[in-house]
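Asks: Pasting protein-v8.tsv below, which is TSV, C-alpha atoms.
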chain	number	residue	atom	x	y	z
G	103	GLU	CA	0.00	0.00	0.00
G	104	THR	CA	1.17	3.52	-0.72
G	105	ASP	CA	0.13	6.98	0.39
G	106	CYS	CA	-1.32	9.26	-2.26
G	107	ALA	CA	-1.54	13.05	-2.22
G	108	CYS	CA	-4.86	12.98	-0.36
G	109	SER	CA	-3.27	10.88	2.45
G	110	CYS	CA	-5.50	7.87	1.82
G	111	LEU	CA	-4.19	4.35	1.47
G	112	VAL	CA	-4.37	2.92	-2.05
G	113	PRO	CA	-3.81	-0.83	-2.41
G	114	ILE	CA	-1.40	-1.85	-5.14
G	115	MET	CA	-2.39	-4.89	-7.18
G	116	SER	CA	-1.08	-6.43	-10.34
G	117	TYR	CA	-2.99	-6.10	-13.59
G	118	GLU	CA	-3.83	-9.81	-13.46
G	119	ASP	CA	-5.23	-9.42	-9.93
G	120	PHE	CA	-7.30	-6.45	-11.11
G	121	ILE	CA	-8.76	-8.46	-14.03
G	122	ASN	CA	-9.54	-11.39	-11.72
G	123	ALA	CA	-11.18	-9.06	-9.19
G	124	CYS	CA	-13.36	-7.54	-11.94
G	125	GLU	CA	-14.36	-11.00	-13.14
G	126	ASP	CA	-15.22	-12.05	-9.58
G	127	THR	CA	-17.37	-8.94	-9.15
G	128	ASP	CA	-19.14	-8.78	-12.53
G	129	GLY	CA	-18.95	-12.31	-13.91
G	130	VAL	CA	-17.52	-11.01	-17.21
G	131	ARG	CA	-14.23	-12.00	-18.86
G	132	PHE	CA	-12.94	-10.64	-22.17
G	133	SER	CA	-10.40	-12.37	-24.40
G	134	TRP	CA	-8.58	-9.03	-24.78
G	135	ASN	CA	-8.27	-6.02	-22.51
G	136	VAL	CA	-8.24	-3.65	-25.52
G	137	ILE	CA	-10.57	-3.80	-28.51
G	138	PRO	CA	-8.91	-3.06	-31.88
G	139	THR	CA	-9.56	0.48	-33.09
G	140	SER	CA	-8.89	-0.09	-36.78
G	141	ARG	CA	-9.51	-2.74	-39.39
G	142	ILE	CA	-5.76	-3.33	-39.72
G	143	GLU	CA	-5.42	-4.04	-35.99
G	144	ALA	CA	-8.43	-6.37	-36.18
G	145	THR	CA	-6.90	-8.39	-39.03
G	146	ARG	CA	-3.67	-8.85	-37.04
G	147	LEU	CA	-5.44	-10.51	-34.11
G	148	VAL	CA	-4.71	-14.18	-33.63
G	149	ILE	CA	-7.36	-14.67	-30.93
G	150	PRO	CA	-10.81	-13.27	-31.77
G	151	VAL	CA	-12.36	-10.60	-29.57
G	152	SER	CA	-14.92	-12.37	-27.40
G	153	VAL	CA	-16.55	-12.27	-23.99
G	154	LEU	CA	-17.57	-14.87	-21.44
G	155	PHE	CA	-20.61	-13.63	-19.53
G	156	THR	CA	-22.01	-15.40	-16.47
G	157	PRO	CA	-25.63	-14.19	-16.18
G	158	LEU	CA	-26.46	-16.39	-13.17
G	159	LYS	CA	-23.48	-15.29	-11.07
G	160	GLU	CA	-24.50	-14.70	-7.49
G	161	ARG	CA	-23.55	-11.28	-6.14
G	162	ALA	CA	-23.51	-10.39	-2.46
G	163	ASP	CA	-24.41	-6.73	-3.18
G	164	LEU	CA	-27.73	-7.66	-4.85
G	165	PRO	CA	-30.67	-8.94	-2.82
G	166	PRO	CA	-32.17	-12.24	-3.95
G	167	ILE	CA	-35.48	-12.13	-5.76
G	168	CYS	CA	-38.38	-14.18	-4.44
G	169	TYR	CA	-40.10	-14.91	-7.76
G	170	GLU	CA	-39.39	-16.67	-11.01
G	171	PRO	CA	-37.93	-14.62	-13.88
G	172	VAL	CA	-40.33	-13.47	-16.61
G	173	GLU	CA	-39.57	-15.41	-19.81
G	174	CYS	CA	-40.30	-14.70	-23.45
G	175	SER	CA	-43.02	-17.00	-24.78
G	176	LYS	CA	-41.11	-17.59	-28.03
G	177	CYS	CA	-37.37	-17.85	-27.24
G	178	ARG	CA	-37.38	-18.05	-23.42
G	179	GLY	CA	-35.27	-14.89	-23.13
G	180	ILE	CA	-35.54	-13.15	-19.74
G	181	LEU	CA	-37.10	-9.72	-19.08
G	182	ASN	CA	-34.11	-7.39	-18.63
G	183	PRO	CA	-33.18	-3.69	-18.81
G	184	PHE	CA	-32.70	-3.93	-22.60
G	185	CYS	CA	-36.35	-4.88	-23.22
G	186	THR	CA	-38.84	-2.37	-24.57
G	187	VAL	CA	-41.72	-2.03	-22.11
G	188	ASP	CA	-45.21	-0.73	-22.89
G	189	VAL	CA	-46.61	0.04	-19.43
G	190	GLN	CA	-50.01	1.16	-20.71
G	191	ASN	CA	-50.70	-2.12	-22.53
G	192	LYS	CA	-48.74	-4.21	-19.98
G	193	VAL	CA	-46.50	-5.86	-22.57
G	194	TRP	CA	-42.76	-6.09	-23.10
G	195	MET	CA	-40.80	-6.81	-26.26
G	196	CYS	CA	-38.01	-9.39	-26.23
G	197	PRO	CA	-34.74	-7.87	-27.56
G	198	PHE	CA	-33.67	-11.25	-28.98
G	199	CYS	CA	-36.67	-12.30	-31.08
G	200	SER	CA	-38.91	-9.15	-31.01
G	201	GLN	CA	-41.83	-11.16	-29.58
G	202	ARG	CA	-44.41	-9.08	-27.68
G	203	ASN	CA	-45.16	-10.70	-24.29
G	204	MET	CA	-47.79	-9.98	-21.67
G	205	PHE	CA	-46.70	-9.28	-18.09
G	206	PRO	CA	-47.78	-11.91	-15.53
G	207	GLN	CA	-50.95	-11.29	-13.55
G	208	HIS	CA	-49.06	-10.76	-10.27
G	209	TYR	CA	-47.33	-7.63	-11.57
G	210	LYS	CA	-48.72	-4.37	-10.18
G	211	ASP	CA	-50.85	-2.05	-12.28
What does this structure look like when you write it as structure tokens?
Replies:
Amino acid sequence: ETDCACSCLVPIMSYEDFINACEDTDGVRFSWNVIPTSRIEATRLVIPVSVLFTPLKERADLPPICYEPVECSKCRGILNPFCTVDVQNKVWMCPFCSQRNMFPQHYKD
């Protein structure tokens, strides 16, 4: 640990430890830490740019939910922040297959 200008302690960790800590927190791992910014850089890559995402990773900072997730009737995708929601008609649109789905009866008005 080192002292910074504001006299607070800042822990020093290696880049690998930082990446592992981010993966432990978010459940996301990228094949590269930098995405190519040009077509030439992209063609020089030996390993493709990819991501491993763990959607069911348990996180201590999020409270558990006490109900089943709302699924798309066509592709079984889960209601998420990227879905289009029509509150007036009580429907949501799946971002994966564009299926319009009704909200369950137990959802509030």
Asks: Atom CA of Leu154 of chain G and atom CA of Asp128 of chain G are how many Å apart?
Replies: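 Separation between atom CA of Leu154 of chain G and atom CA of Asp128 of chain G: 10.9 Å.
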Asks: Please indicate the distance in Å from atom CA of Ile114 of chain G to atom CA of Asn135 of chain G, rounded to one decimal place.
Replies: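 Straight-line distance from atom CA of Ile114 of chain G to atom CA of Asn135 of chain G works out to 19.1 Å.
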Asks: Quick one: residues within 9 Å of Pro150 of chain G, all atoms listed in the file counted, chain neighbours fewer than 3 positions away excluded, as JSON, numbers by chain?
Replies: {"G": [133, 134, 144, 147]}
Asks: Quote the spacing between atom CA of Asp119 of chain G and atom CA of Arg131 of chain G in Å to one decimal place.
Replies: 12.9 Å
Asks: Leaving out segment 185-190 of chain G and any residue of its chain fewer than 6 positions from it, which residues lie within 12 Å of it when counting all atoms listed in the file, given as a VMD selection string?
Replies: chain G and resid 172 to 174 179 196 to 205 209 to 211
Asks: Just checking: using all atoms listed in the file, which residue out of G:Gly129, G:Ser175, G:Ile180, G:Arg141 ends up closest to Leu158 of chain G?
Replies: G:Gly129
Asks: Neighbouring residues of Lys159 of chain G were defined as those with any atom within 12 Å, considering all atoms listed in the file; residues of the same chain fewer than 4 positions away were excluded. Please report them as a PyMOL selection string.
Replies: chain G and resi 125-130+154-155+163-164+166
Asks: Edge lengths and centre in Å to one decimal, as AutoDock Vina command-line options, is what I'm after for the box along x, y and z that holds all listed atoms of segment 175-184 of chain G once 3 Å is added on each side.
Replies:
--center_x -37.9 --center_y -10.9 --center_z -23.3 --size_x 16.3 --size_y 20.4 --size_z 15.4
Asks: Using only C-alpha atoms, find the one residue out of G:Pro183, G:Pro171, G:Pro138, G:Pro157 that sits nearest to Met195 of chain G.
Replies: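 Comparing G:Pro183, G:Pro171, G:Pro138, G:Pro157 against Met195 of chain G, the winner is G:Pro183.
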